[in-house]
>>> print(open('target14.pdb').read())   # PDB, C-alpha atoms and all ligand atoms
ATOM      1  CA  MET V   1       0.000   0.000   0.000
ATOM      2  CA  ASN V   2       1.182   3.501  -0.647
ATOM      3  CA  PRO V   3       2.537   4.908   2.606
ATOM      4  CA  SER V   4       0.531   8.134   2.390
ATOM      5  CA  PHE V   5      -2.492   6.203   3.662
ATOM      6  CA  SER V   6      -1.836   4.590   7.020
ATOM      7  CA  ASP V   7      -4.605   2.348   8.338
ATOM      8  CA  SER V   8      -6.115   5.142  10.379
ATOM      9  CA  GLN V   9      -6.398   7.280   7.269
ATOM     10  CA  ILE V  10      -8.440   4.900   5.154
ATOM     11  CA  VAL V  11     -11.666   6.696   4.431
ATOM     12  CA  GLN V  12     -15.027   5.313   3.559
ATOM     13  CA  VAL V  13     -15.581   5.071  -0.163
ATOM     14  CA  ASP V  14     -18.971   6.767   0.166
ATOM     15  CA  GLN V  15     -17.124   9.975   1.006
ATOM     16  CA  LEU V  16     -15.688  10.404  -2.474
ATOM     17  CA  ILE V  17     -16.702  13.632  -4.171
ATOM     18  CA  LEU V  18     -15.726  14.057  -7.814
ATOM     19  CA  HIS V  19     -15.704  17.616  -9.149
ATOM     20  CA  HIS V  20     -16.323  17.044 -12.844
ATOM     21  CA  TYR V  21     -18.417  17.972 -15.871
ATOM     22  CA  ASN V  22     -20.174  15.630 -18.228
ATOM     23  CA  VAL V  23     -18.278  16.330 -21.446
ATOM     24  CA  SER V  24     -14.811  16.188 -19.852
ATOM     25  CA  PRO V  25     -12.806  13.196 -21.135
ATOM     26  CA  PHE V  26     -10.485  13.056 -18.114
ATOM     27  CA  SER V  27     -13.611  13.024 -15.924
ATOM     28  CA  GLU V  28     -14.923  10.132 -18.016
ATOM     29  CA  LYS V  29     -11.708   8.256 -17.232
ATOM     30  CA  ILE V  30     -12.395   8.554 -13.504
ATOM     31  CA  ARG V  31     -16.151   7.874 -13.852
ATOM     32  CA  ALA V  32     -15.213   4.663 -15.681
ATOM     33  CA  ILE V  33     -12.741   3.624 -12.957
ATOM     34  CA  LEU V  34     -15.270   4.353 -10.191
ATOM     35  CA  SER V  35     -17.875   2.316 -12.088
ATOM     36  CA  PHE V  36     -15.453  -0.562 -12.740
ATOM     37  CA  LYS V  37     -14.593  -0.679  -9.035
ATOM     38  CA  ASP V  38     -18.278  -0.242  -8.130
ATOM     39  CA  VAL V  39     -17.372   2.521  -5.709
ATOM     40  CA  PRO V  40     -20.156   4.924  -4.671
ATOM     41  CA  TRP V  41     -19.351   8.547  -5.385
ATOM     42  CA  THR V  42     -20.950  11.956  -5.254
ATOM     43  CA  ALA V  43     -20.782  14.336  -8.204
ATOM     44  CA  VAL V  44     -20.249  18.083  -8.129
ATOM     45  CA  GLU V  45     -20.775  19.642 -11.551
ATOM     46  CA  VAL V  46     -18.104  22.308 -12.177
ATOM     47  CA  PRO V  47     -17.847  24.927 -14.932
ATOM     48  CA  ALA V  48     -15.913  23.921 -18.054
ATOM     49  CA  VAL V  49     -14.282  27.374 -18.309
ATOM     50  CA  MET V  50     -12.879  29.926 -15.911
ATOM     51  CA  PRO V  51     -13.866  31.482 -13.559
ATOM     52  CA  LYS V  52     -14.298  28.551 -11.172
ATOM     53  CA  PRO V  53     -14.293  30.192  -7.724
ATOM     54  CA  ASP V  54     -15.425  27.094  -5.828
ATOM     55  CA  VAL V  55     -12.913  24.771  -7.508
ATOM     56  CA  VAL V  56     -10.109  27.228  -6.838
ATOM     57  CA  ALA V  57     -11.235  27.644  -3.207
ATOM     58  CA  LEU V  58     -10.515  23.940  -2.762
ATOM     59  CA  THR V  59      -7.386  23.627  -4.887
ATOM     60  CA  GLY V  60      -5.711  26.990  -4.343
ATOM     61  CA  GLY V  61      -5.476  27.727  -8.073
ATOM     62  CA  TYR V  62      -5.416  24.412  -9.916
ATOM     63  CA  ARG V  63      -8.283  24.645 -12.413
ATOM     64  CA  ARG V  64      -8.174  21.405 -14.346
ATOM     65  CA  THR V  65     -10.934  18.831 -14.319
ATOM     66  CA  PRO V  66     -11.583  16.540 -12.561
ATOM     67  CA  VAL V  67     -10.487  16.832  -8.944
ATOM     68  CA  LEU V  68     -11.298  14.332  -6.216
ATOM     69  CA  GLN V  69     -12.293  15.538  -2.768
ATOM     70  CA  ILE V  70     -12.103  13.323   0.301
ATOM     71  CA  GLY V  71     -13.079  15.506   3.256
ATOM     72  CA  ALA V  72     -10.503  18.298   3.409
ATOM     73  CA  HIS V  73      -8.083  16.448   1.101
ATOM     74  CA  ILE V  74      -8.094  17.447  -2.571
ATOM     75  CA  TYR V  75      -6.473  15.210  -5.203
ATOM     76  CA  CYS V  76      -5.433  16.844  -8.479
ATOM     77  CA  ASP V  77      -4.806  15.032 -11.776
ATOM     78  CA  THR V  78      -6.316  11.736 -12.855
ATOM     79  CA  ALA V  79      -2.957   9.921 -12.653
ATOM     80  CA  LEU V  80      -2.987  10.474  -8.885
ATOM     81  CA  ILE V  81      -6.768  10.055  -8.527
ATOM     82  CA  ALA V  82      -6.479   6.604 -10.148
ATOM     83  CA  GLU V  83      -3.780   5.590  -7.630
ATOM     84  CA  VAL V  84      -5.880   6.895  -4.728
ATOM     85  CA  LEU V  85      -8.909   4.913  -5.902
ATOM     86  CA  GLU V  86      -6.769   1.775  -6.124
ATOM     87  CA  ARG V  87      -5.600   2.288  -2.518
ATOM     88  CA  LEU V  88      -9.152   2.771  -1.301
ATOM     89  CA  ALA V  89     -10.783   0.036  -3.351
ATOM     90  CA  PRO V  90      -8.039  -2.407  -4.445
ATOM     91  CA  SER V  91     -10.376  -4.943  -6.033
ATOM     92  CA  PRO V  92     -10.921  -5.185  -8.963
ATOM     93  CA  ALA V  93      -7.444  -3.854  -9.612
ATOM     94  CA  ILE V  94      -6.446  -1.313 -12.246
ATOM     95  CA  PHE V  95      -2.752  -1.794 -11.442
ATOM     96  CA  PRO V  96      -2.570  -5.617 -11.565
ATOM     97  CA  PRO V  97       0.900  -6.881 -10.587
ATOM     98  CA  GLU V  98       1.558  -8.608 -13.921
ATOM     99  CA  SER V  99       1.161  -5.415 -15.970
ATOM    100  CA  ALA V 100       1.286  -2.466 -13.557
ATOM    101  CA  GLY V 101       4.575  -1.045 -14.889
ATOM    102  CA  THR V 102       3.573  -1.290 -18.543
ATOM    103  CA  ALA V 103       0.086  -0.029 -17.699
ATOM    104  CA  ARG V 104       1.439   3.121 -16.034
ATOM    105  CA  PHE V 105       3.656   3.832 -19.057
ATOM    106  CA  VAL V 106       0.803   3.295 -21.530
ATOM    107  CA  ALA V 107      -1.518   5.465 -19.417
ATOM    108  CA  GLN V 108       1.039   8.269 -19.244
ATOM    109  CA  TRP V 109       1.451   8.096 -23.025
ATOM    110  CA  ALA V 110      -2.313   7.999 -23.619
ATOM    111  CA  ASP V 111      -3.046  10.908 -21.256
ATOM    112  CA  SER V 112      -0.523  13.078 -23.138
ATOM    113  CA  THR V 113       0.452  11.971 -26.664
ATOM    114  CA  LEU V 114      -2.775  10.151 -27.522
ATOM    115  CA  PHE V 115      -4.924  12.815 -25.873
ATOM    116  CA  TRP V 116      -3.361  15.701 -27.824
ATOM    117  CA  THR V 117      -3.587  13.646 -31.018
ATOM    118  CA  VAL V 118      -7.324  13.061 -30.547
ATOM    119  CA  VAL V 119      -7.889  16.723 -29.649
ATOM    120  CA  ALA V 120      -6.178  17.841 -32.879
ATOM    121  CA  TYR V 121      -8.055  15.190 -34.881
ATOM    122  CA  SER V 122     -11.475  15.855 -33.318
ATOM    123  CA  PHE V 123     -11.275  19.656 -33.506
ATOM    124  CA  GLN V 124     -11.191  19.669 -37.314
ATOM    125  CA  PRO V 125     -14.180  21.765 -38.429
ATOM    126  CA  GLU V 126     -16.759  18.962 -38.789
ATOM    127  CA  GLY V 127     -15.736  17.475 -35.432
ATOM    128  CA  ALA V 128     -15.645  20.811 -33.641
ATOM    129  CA  ALA V 129     -19.137  21.602 -34.950
ATOM    130  CA  ALA V 130     -20.443  18.441 -33.264
ATOM    131  CA  ILE V 131     -18.446  18.831 -30.041
ATOM    132  CA  LEU V 132     -19.507  22.462 -29.591
ATOM    133  CA  SER V 133     -23.043  22.005 -30.953
ATOM    134  CA  GLY V 134     -24.738  22.723 -27.614
ATOM    135  CA  MET V 135     -23.093  26.173 -27.340
ATOM    136  CA  THR V 136     -24.239  29.576 -28.521
ATOM    137  CA  ASP V 137     -21.846  31.676 -30.629
ATOM    138  CA  ASP V 138     -20.908  33.686 -27.536
ATOM    139  CA  GLU V 139     -20.246  30.537 -25.506
ATOM    140  CA  ARG V 140     -18.023  29.244 -28.310
ATOM    141  CA  LYS V 141     -15.994  32.459 -28.208
ATOM    142  CA  VAL V 142     -15.606  32.229 -24.443
ATOM    143  CA  PHE V 143     -14.634  28.563 -24.734
ATOM    144  CA  GLY V 144     -12.077  29.306 -27.467
ATOM    145  CA  ALA V 145     -10.454  32.104 -25.461
ATOM    146  CA  ASP V 146     -10.430  29.974 -22.306
ATOM    147  CA  ARG V 147      -8.758  27.033 -24.016
ATOM    148  CA  ALA V 148      -6.203  29.312 -25.738
ATOM    149  CA  ALA V 149      -5.148  30.529 -22.272
ATOM    150  CA  PHE V 150      -5.295  26.970 -20.893
ATOM    151  CA  ARG V 151      -3.205  25.213 -23.516
ATOM    152  CA  GLY V 152       0.216  26.208 -22.112
ATOM    153  CA  ASN V 153       2.856  23.804 -23.420
ATOM    154  CA  ALA V 154       0.451  21.409 -25.127
ATOM    155  CA  PRO V 155       1.769  20.286 -28.527
ATOM    156  CA  ARG V 156       0.212  21.719 -31.686
ATOM    157  CA  ILE V 157      -0.468  18.955 -34.187
ATOM    158  CA  ALA V 158      -1.716  19.638 -37.729
ATOM    159  CA  PRO V 159      -4.936  17.760 -38.633
ATOM    160  CA  ALA V 160      -3.253  15.616 -41.298
ATOM    161  CA  GLU V 161      -0.537  14.508 -38.866
ATOM    162  CA  ALA V 162      -3.098  13.874 -36.133
ATOM    163  CA  THR V 163      -5.192  11.731 -38.486
ATOM    164  CA  ALA V 164      -2.137   9.750 -39.593
ATOM    165  CA  ALA V 165      -1.004   9.236 -35.996
ATOM    166  CA  LEU V 166      -4.478   8.224 -34.815
ATOM    167  CA  LEU V 167      -4.715   5.603 -37.589
ATOM    168  CA  ILE V 168      -1.336   4.195 -36.517
ATOM    169  CA  TYR V 169      -2.392   4.092 -32.857
ATOM    170  CA  LEU V 170      -5.774   2.490 -33.652
ATOM    171  CA  ARG V 171      -3.983  -0.213 -35.687
ATOM    172  CA  ARG V 172      -1.720  -0.908 -32.702
ATOM    173  CA  PHE V 173      -4.702  -1.181 -30.354
ATOM    174  CA  GLU V 174      -6.397  -3.489 -32.865
ATOM    175  CA  THR V 175      -3.465  -5.899 -32.728
ATOM    176  CA  MET V 176      -3.474  -5.728 -28.927
ATOM    177  CA  LEU V 177      -7.190  -6.597 -28.856
ATOM    178  CA  ILE V 178      -7.134  -9.234 -31.587
ATOM    179  CA  ASP V 179      -9.625 -12.097 -31.198
ATOM    180  CA  ASP V 180     -11.748 -10.003 -28.855
ATOM    181  CA  ARG V 181      -9.222  -9.901 -26.050
ATOM    182  CA  VAL V 182     -11.060  -8.234 -23.227
ATOM    183  CA  TRP V 183      -8.373  -5.817 -22.038
ATOM    184  CA  LEU V 184      -5.532  -3.964 -23.755
ATOM    185  CA  LEU V 185      -2.699  -5.507 -21.740
ATOM    186  CA  GLY V 186      -3.899  -9.081 -21.461
ATOM    187  CA  SER V 187      -6.227 -10.950 -19.167
ATOM    188  CA  SER V 188      -6.702  -8.184 -16.584
ATOM    189  CA  ALA V 189      -8.064  -4.680 -16.752
ATOM    190  CA  SER V 190      -5.508  -1.959 -16.146
ATOM    191  CA  ILE V 191      -5.180   1.800 -16.049
ATOM    192  CA  ALA V 192      -4.124   1.542 -19.724
ATOM    193  CA  ASP V 193      -7.713   0.623 -20.668
ATOM    194  CA  PHE V 194      -9.136   3.666 -18.896
ATOM    195  CA  SER V 195      -6.591   6.152 -20.259
ATOM    196  CA  VAL V 196      -7.054   4.967 -23.844
ATOM    197  CA  TYR V 197     -10.836   4.745 -23.395
ATOM    198  CA  HIS V 198     -11.340   8.393 -22.416
ATOM    199  CA  CYS V 199      -9.380   9.532 -25.495
ATOM    200  CA  LEU V 200     -11.528   7.444 -27.844
ATOM    201  CA  TRP V 201     -14.646   8.657 -25.985
ATOM    202  CA  PHE V 202     -13.639  12.141 -27.089
ATOM    203  CA  VAL V 203     -13.277  10.978 -30.719
ATOM    204  CA  ARG V 204     -16.747   9.395 -30.471
ATOM    205  CA  ARG V 205     -18.178  12.855 -29.758
ATOM    206  CA  ALA V 206     -16.671  14.323 -32.936
ATOM    207  CA  GLY V 207     -19.716  13.861 -35.215
ATOM    208  CA  PRO V 208     -18.757  12.434 -38.620
ATOM    209  CA  LEU V 209     -15.104  12.067 -37.544
ATOM    210  CA  ALA V 210     -16.103   9.488 -34.923
ATOM    211  CA  THR V 211     -16.386   6.695 -37.473
ATOM    212  CA  ILE V 212     -12.583   6.409 -37.776
ATOM    213  CA  ILE V 213     -12.834   3.864 -34.935
ATOM    214  CA  ASP V 214     -15.250   1.625 -36.863
ATOM    215  CA  ASP V 215     -12.547   0.464 -39.264
ATOM    216  CA  PHE V 216     -10.985  -1.318 -36.297
ATOM    217  CA  PRO V 217     -13.618  -3.855 -35.192
ATOM    218  CA  TYR V 218     -11.782  -5.196 -32.134
ATOM    219  CA  VAL V 219     -11.155  -1.641 -30.920
ATOM    220  CA  ALA V 220     -14.805  -0.738 -31.561
ATOM    221  CA  GLY V 221     -15.945  -3.810 -29.586
ATOM    222  CA  TRP V 222     -13.586  -3.085 -26.692
ATOM    223  CA  TYR V 223     -14.691   0.564 -26.700
ATOM    224  CA  GLU V 224     -18.362  -0.435 -26.431
ATOM    225  CA  ARG V 225     -17.594  -2.758 -23.518
ATOM    226  CA  MET V 226     -15.734   0.054 -21.763
ATOM    227  CA  ARG V 227     -18.520   2.554 -22.444
ATOM    228  CA  ARG V 228     -21.185   0.232 -21.065
ATOM    229  CA  LEU V 229     -19.258  -0.047 -17.789
ATOM    230  CA  VAL V 230     -19.833   3.594 -16.931
ATOM    231  CA  GLN V 231     -22.573   4.265 -14.384
ATOM    232  CA  PRO V 232     -24.022   7.583 -13.202
ATOM    233  CA  PRO V 233     -23.018   9.042  -9.820
ATOM    234  CA  HIS V 234     -24.763   7.778  -6.692
ATOM    235  CA  ALA V 235     -25.579  11.317  -5.545
ATOM    236  CA  ASP V 236     -25.217  14.920  -6.618
ATOM    237  CA  MET V 237     -23.973  17.787  -4.487
ATOM    238  CA  THR V 238     -23.677  21.515  -5.026
ATOM    239  CA  SER V 239     -20.224  23.050  -4.919
ATOM    240  CA  GLU V 240     -21.308  25.098  -1.880
ATOM    241  CA  ALA V 241     -22.180  21.877  -0.047
ATOM    242  CA  ALA V 242     -18.818  20.372  -1.030
ATOM    243  CA  LEU V 243     -17.044  23.429   0.396
ATOM    244  CA  ARG V 244     -19.066  23.166   3.627
ATOM    245  CA  HIS V 245     -18.181  19.466   3.821
ATOM    246  CA  ALA V 246     -14.475  20.313   3.483
ATOM    247  CA  ALA V 247     -14.852  23.045   6.116
ATOM    248  CA  ASP V 248     -16.460  20.561   8.547
ATOM    249  CA  GLU V 249     -13.621  18.041   8.147
ATOM    250  CA  SER V 250     -10.072  18.265   9.460
ATOM    251  CA  PRO V 251      -7.333  16.935   7.216
ATOM    252  CA  GLN V 252      -5.806  13.620   8.322
ATOM    253  CA  GLU V 253      -2.254  13.597   9.652
ATOM    254  CA  LEU V 254       0.160  12.592   6.917
ATOM    255  CA  GLU V 255       3.002  10.094   7.014
ATOM    256  CA  SER V 256       6.441  11.745   6.848
ATOM    257  CA  GLU V 257       8.431   8.508   7.125
ATOM    258  CA  PHE V 258       8.786   7.967   3.374
ATOM    259  CA  TYR V 259       9.957  11.531   2.630
ATOM    260  CA  THR V 260      11.741  11.662  -0.721
ATOM    261  CA  ASP V 261      13.661  14.868  -1.401
ATOM    262  CA  THR V 262      14.848  15.526  -4.944
ATOM    263  CA  HIS V 263      14.685  19.340  -4.713
ATOM    264  CA  GLY V 264      16.586  20.176  -1.528
ATOM    265  CA  ILE V 265      13.274  21.401  -0.091
ATOM    266  CA  ALA V 266      12.433  20.326   3.455
ATOM    267  CA  LEU V 267       8.951  19.472   4.682
ATOM    268  CA  GLY V 268       7.428  22.604   6.192
ATOM    269  CA  THR V 269       8.795  24.879   3.436
ATOM    270  CA  GLN V 270       6.426  27.194   1.560
ATOM    271  CA  VAL V 271       6.337  26.001  -2.046
ATOM    272  CA  THR V 272       4.409  26.344  -5.267
ATOM    273  CA  ILE V 273       3.346  23.348  -7.328
ATOM    274  CA  THR V 274       2.419  23.949 -10.977
ATOM    275  CA  PRO V 275       1.391  21.693 -13.885
ATOM    276  CA  THR V 276       4.118  21.614 -16.532
ATOM    277  CA  ASP V 277       1.783  21.229 -19.517
ATOM    278  CA  THR V 278      -1.683  22.837 -19.427
ATOM    279  CA  GLY V 279      -3.582  25.049 -16.980
ATOM    280  CA  ARG V 280      -0.287  26.258 -15.531
ATOM    281  CA  ASP V 281      -1.648  27.959 -12.403
ATOM    282  CA  PRO V 282       0.599  27.564  -9.351
ATOM    283  CA  VAL V 283      -0.771  26.317  -6.038
ATOM    284  CA  ALA V 284       1.025  27.741  -3.004
ATOM    285  CA  GLY V 285       1.222  26.123   0.398
ATOM    286  CA  GLU V 286       3.376  24.416   3.019
ATOM    287  CA  LEU V 287       4.961  21.201   1.789
ATOM    288  CA  VAL V 288       3.565  18.458   4.027
ATOM    289  CA  LEU V 289       4.067  15.320   1.947
ATOM    290  CA  ALA V 290       6.864  14.395  -0.462
ATOM    291  CA  LEU V 291       6.691  10.754  -1.499
ATOM    292  CA  ARG V 292       8.384   9.108  -4.464
ATOM    293  CA  ASP V 293       5.352   9.805  -6.642
ATOM    294  CA  GLU V 294       3.182  12.285  -4.729
ATOM    295  CA  LEU V 295       3.458  15.764  -3.239
ATOM    296  CA  ALA V 296       0.989  17.619  -1.015
ATOM    297  CA  VAL V 297       0.697  21.110   0.419
ATOM    298  CA  ARG V 298      -1.287  22.493   3.344
ATOM    299  CA  ARG V 299      -3.142  25.686   2.551
ATOM    300  CA  PHE V 300      -5.884  27.799   4.071
ATOM    301  CA  ASP V 301      -8.908  29.173   2.298
ATOM    302  CA  ASP V 302     -11.044  31.991   3.705
ATOM    303  CA  ARG V 303     -14.261  30.045   3.193
ATOM    304  CA  VAL V 304     -13.070  26.490   3.815
ATOM    305  CA  GLY V 305     -10.189  26.712   6.290
ATOM    306  CA  GLU V 306      -7.402  24.136   6.255
ATOM    307  CA  LEU V 307      -6.994  21.923   3.206
ATOM    308  CA  ILE V 308      -4.370  19.484   1.975
ATOM    309  CA  VAL V 309      -3.940  19.531  -1.806
ATOM    310  CA  HIS V 310      -2.223  16.501  -3.383
ATOM    311  CA  PHE V 311      -0.449  16.228  -6.747
ATOM    312  CA  PRO V 312       1.403  13.518  -8.620
ATOM    313  CA  ARG V 313       5.111  14.245  -9.124
ATOM    314  CA  LEU V 314       5.008  13.528 -12.864
ATOM    315  CA  GLY V 315       3.697  16.460 -14.873
ATOM    316  CA  PHE V 316       4.183  19.012 -12.072
ATOM    317  CA  GLU V 317       7.040  21.229 -10.939
ATOM    318  CA  MET V 318       7.740  22.323  -7.376
ATOM    319  CA  LYS V 319       9.607  25.476  -6.389
ATOM    320  CA  ALA V 320      10.391  27.027  -3.028
ATOM    321  CA  ALA V 321       8.071  30.036  -2.726
TER     322      ALA V 321
HETATM  323  N1  LIG V 401      -3.325  15.649 -16.674
HETATM  324  C1  LIG V 401      -4.631  16.092 -16.251
HETATM  325  C2  LIG V 401      -5.410  16.661 -17.437
HETATM  326  C3  LIG V 401      -6.787  17.152 -17.054
HETATM  327  C4  LIG V 401      -7.403  17.991 -18.157
HETATM  328  O1  LIG V 401      -6.715  18.529 -19.046
HETATM  329  N2  LIG V 401      -8.719  18.128 -18.086
HETATM  330  C5  LIG V 401      -9.418  19.006 -19.006
HETATM  331  C6  LIG V 401     -10.874  18.578 -19.100
HETATM  332  S1  LIG V 401     -11.032  16.948 -19.738
HETATM  333  C7  LIG V 401      -9.410  20.393 -18.440
HETATM  334  O2  LIG V 401      -8.998  20.598 -17.324
HETATM  335  N3  LIG V 401      -9.892  21.367 -19.215
HETATM  336  C8  LIG V 401      -9.993  22.711 -18.728
HETATM  337  C9  LIG V 401     -10.933  22.854 -17.580
HETATM  338  O3  LIG V 401     -11.795  21.992 -17.334
HETATM  339  O4  LIG V 401     -10.841  23.867 -16.907
HETATM  340  C10 LIG V 401      -5.357  14.924 -15.595
HETATM  341  O5  LIG V 401      -4.993  13.758 -15.840
HETATM  342  O6  LIG V 401      -6.229  15.166 -14.754
END
>>> encode(input="target14.pdb", output="structure tokens")
Amino acid sequence: MNPSFSDSQIVQVDQLILHHYNVSPFSEKIRAILSFKDVPWTAVEVPAVMPKPDVVALTGGYRRTPVLQIGAHIYCDTALIAEVLERLAPSPAIFPPESAGTARFVAQWADSTLFWTVVAYSFQPEGAAAILSGMTDDERKVFGADRAAFRGNAPRIAPAEATAALLIYLRRFETMLIDDRVWLLGSSASIADFSVYHCLWFVRRAGPLATIIDDFPYVAGWYERMRRLVQPPHADMTSEAALRHAADESPQELESEFYTDTHGIALGTQVTITPTDTGRDPVAGELVLALRDELAVRRFDDRVGELIVHFPRLGFEMKAA
């Protein structure tokens, strides 16, 4: 078990609050994992564009979607959220011992390279028209400006290159799923399935461009099985109620025994933690956890009080404030 959760810190799974929105692919990744693990969760619907005052009250600045709230602990980034869900509900596993290393590598690739490929592919005009079809012209402008500010260091891929790359990747998945293999990495589900699934879920929303998947029958079959897994939340909550819930809870004490220092920054130091790719808003706080693969800061919000905000190491940079 990851040392950041000692026995006394294991929370009840019915206390999981996911701050998400319906059309968010990374949220779909976590909804699928929660459904696969049959873990009850409560949904808070958040805005898809800034401003997001209630999200930022919890995170201290991190604006990306989704975030997981457990009491006064806030978990940013789906790579970390997936690990947290595995600690809380280990069975069925998404990091099975026989493929956990490969699965983490494939998931990291899918959440970055594959994701930016499908965004470039799906946002060609006919796909964008379908994806943005529920928006007014003004909402589209706001969305466009928001995502231009959000994109940070995300790669720019021309549509022709994105289409070529997606065809190559789909062919690779097809060979991995040949003969209706149930999961991408063999006989067990893994995080690789969920990270690839949410990217193809985005392609499926791209109107006429969605049919690119249909030329790959094993991928299409696997995708349908993944899609049918996903269940709605067990309850809904307003963001105000989620903030009150965080205010009513005190953060758990954290384990300092497994402290891993690669920065020359001691626990107790004021730091900022910032995504290195998109949505590059720093979160400031006191460093209270530095594990091999996870960092956390303690911060105080006027409305909520004390919070601990957790991040994965990969994809984030920490600096002394
Ligand atoms: N690496 C992040 C990426 C999250 C991400 O980019 N989410 C998109 C939505 S699917 C986002 O935050 N878009 C802007 C927003 O919602 O404010 C993760 O795994 O959680």
>>> resolve_selection(input="target14.pdb", expression="the PyMOL selection byres (((chain V and resi 150-157) around 7) and not hetatm)", output="PDB file with C-alpha atoms, keeping the file's coordinate frame")
ATOM      1  CA  TRP V 116      -3.361  15.701 -27.824  1.00  0.00           C
ATOM      2  CA  THR V 117      -3.587  13.646 -31.018  1.00  0.00           C
ATOM      3  CA  ALA V 120      -6.178  17.841 -32.879  1.00  0.00           C
ATOM      4  CA  ASP V 146     -10.430  29.974 -22.306  1.00  0.00           C
ATOM      5  CA  ARG V 147      -8.758  27.033 -24.016  1.00  0.00           C
ATOM      6  CA  ALA V 148      -6.203  29.312 -25.738  1.00  0.00           C
ATOM      7  CA  ALA V 149      -5.148  30.529 -22.272  1.00  0.00           C
ATOM      8  CA  ALA V 158      -1.716  19.638 -37.729  1.00  0.00           C
ATOM      9  CA  PRO V 159      -4.936  17.760 -38.633  1.00  0.00           C
ATOM     10  CA  GLU V 161      -0.537  14.508 -38.866  1.00  0.00           C
ATOM     11  CA  ALA V 162      -3.098  13.874 -36.133  1.00  0.00           C
ATOM     12  CA  ASP V 277       1.783  21.229 -19.517  1.00  0.00           C
ATOM     13  CA  THR V 278      -1.683  22.837 -19.427  1.00  0.00           C
ATOM     14  CA  GLY V 279      -3.582  25.049 -16.980  1.00  0.00           C
ATOM     15  CA  ARG V 280      -0.287  26.258 -15.531  1.00  0.00           C
TER      16      ARG V 280
END
>>> residues_near_ligand(input="target14.pdb", ligand="ligand LIG 401 (chain V)", cutoff="9 Å", atoms="all atoms listed in the file", output="PyMOL selection string")
chain V and resi 20-21+23-29+46-52+62-67+76-81+108+111-112+146-147+150-151+195+198+275+277-279+315
>>> residues_near_point(input="target14.pdb", point="(-12.6, 9.8, -38.2)", cutoff="9 Å", atoms="all atoms listed in the file", output="ChimeraX atom specification")
/V:121-122,127,163,166-167,203-204,206-214
>>> closest_atom_pairs(input="target14.pdb", of="stretch 262-299 of chain V", to="stretch 237-251 of chain V", cutoff="12 Å", atoms="all atoms listed in the file", output="Markdown table")
| residue | atom | partner | partner_atom | distance |
| --- | --- | --- | --- | --- |
| V:Val288 | CA | V:Pro251 | CA | 11.5 |
| V:Ala296 | CA | V:Pro251 | CA | 11.7 |
| V:Val297 | CA | V:Pro251 | CA | 11.3 |
| V:Arg298 | CA | V:Pro251 | CA | 9.1 |
| V:Arg299 | CA | V:Pro251 | CA | 10.8 |
>>> residues_around(input="target14.pdb", residues="V:Leu185", least_positions_apart="4", cutoff="9 Å", atoms="only C-alpha atoms", output="PyMOL selection string")
chain V and resi 99+102-103+176-177+181+189-190+192-193
>>> residues_around(input="target14.pdb", residues="V:Val196", least_positions_apart="2", cutoff="10 Å", atoms="only C-alpha atoms", output="list in words")
Lys29, Val106, Ala107, Gln108, Trp109, Ala110, Asp111, Leu114, Phe115, Phe173, Leu184, Ile191, Ala192, Asp193, Phe194, His198, Cys199, Leu200, Trp201 and Tyr223 of chain V
>>> residues_around(input="target14.pdb", residues="V:Arg31", least_positions_apart="6", cutoff="8 Å", atoms="only C-alpha atoms", output="ChimeraX atom specification")
/V:230-232
>>> closest_residue(input="target14.pdb", among="V:Asp301, V:Ile17, V:Glu86, V:Glu174", to="V:Ile74", atoms="only C-alpha atoms")
V:Ile17
>>> axis_aligned_box(input="target14.pdb", around="stretch 241-260 of chain V", padding_each_side="4 Å", output="AutoDock Vina command-line options")
--center_x -5.2 --center_y 15.7 --center_z 4.3 --size_x 41.9 --size_y 23.5 --size_z 18.7
>>> closest_residue(input="target14.pdb", among="V:Glu317, V:Asp138, V:Asp236, V:Glu45", to="V:Thr262", atoms="only C-alpha atoms")
V:Glu317
>>> atom_distance(input="target14.pdb", atom1="atom CA of V:Ser187", atom2="atom CA of V:Thr113")
25.0 Å
>>> build_atoms(input="target14.pdb", residues="stretch 23-30 of chain V", atoms="N, CA and C atoms", output="PDB file, in the frame of the given file")
ATOM      1  N   VAL V  23     -18.972  16.511 -20.170  1.00  0.00           N
ATOM      2  CA  VAL V  23     -18.278  16.330 -21.446  1.00  0.00           C
ATOM      3  C   VAL V  23     -16.748  16.325 -21.303  1.00  0.00           C
ATOM      4  N   SER V  24     -16.258  16.205 -20.087  1.00  0.00           N
ATOM      5  CA  SER V  24     -14.811  16.188 -19.852  1.00  0.00           C
ATOM      6  C   SER V  24     -14.258  14.769 -19.995  1.00  0.00           C
ATOM      7  N   PRO V  25     -13.350  14.548 -20.969  1.00  0.00           N
ATOM      8  CA  PRO V  25     -12.806  13.196 -21.135  1.00  0.00           C
ATOM      9  C   PRO V  25     -12.036  12.690 -19.912  1.00  0.00           C
ATOM     10  N   PHE V  26     -11.225  13.541 -19.291  1.00  0.00           N
ATOM     11  CA  PHE V  26     -10.485  13.056 -18.114  1.00  0.00           C
ATOM     12  C   PHE V  26     -11.451  12.708 -16.974  1.00  0.00           C
ATOM     13  N   SER V  27     -12.592  13.413 -16.903  1.00  0.00           N
ATOM     14  CA  SER V  27     -13.611  13.024 -15.924  1.00  0.00           C
ATOM     15  C   SER V  27     -14.189  11.660 -16.283  1.00  0.00           C
ATOM     16  N   GLU V  28     -14.385  11.431 -17.585  1.00  0.00           N
ATOM     17  CA  GLU V  28     -14.923  10.132 -18.016  1.00  0.00           C
ATOM     18  C   GLU V  28     -13.978   8.998 -17.619  1.00  0.00           C
ATOM     19  N   LYS V  29     -12.680   9.271 -17.677  1.00  0.00           N
ATOM     20  CA  LYS V  29     -11.708   8.256 -17.232  1.00  0.00           C
ATOM     21  C   LYS V  29     -11.987   7.855 -15.782  1.00  0.00           C
ATOM     22  N   ILE V  30     -12.183   8.854 -14.931  1.00  0.00           N
ATOM     23  CA  ILE V  30     -12.395   8.554 -13.504  1.00  0.00           C
ATOM     24  C   ILE V  30     -13.791   7.979 -13.271  1.00  0.00           C
TER      25      ILE V  30
END
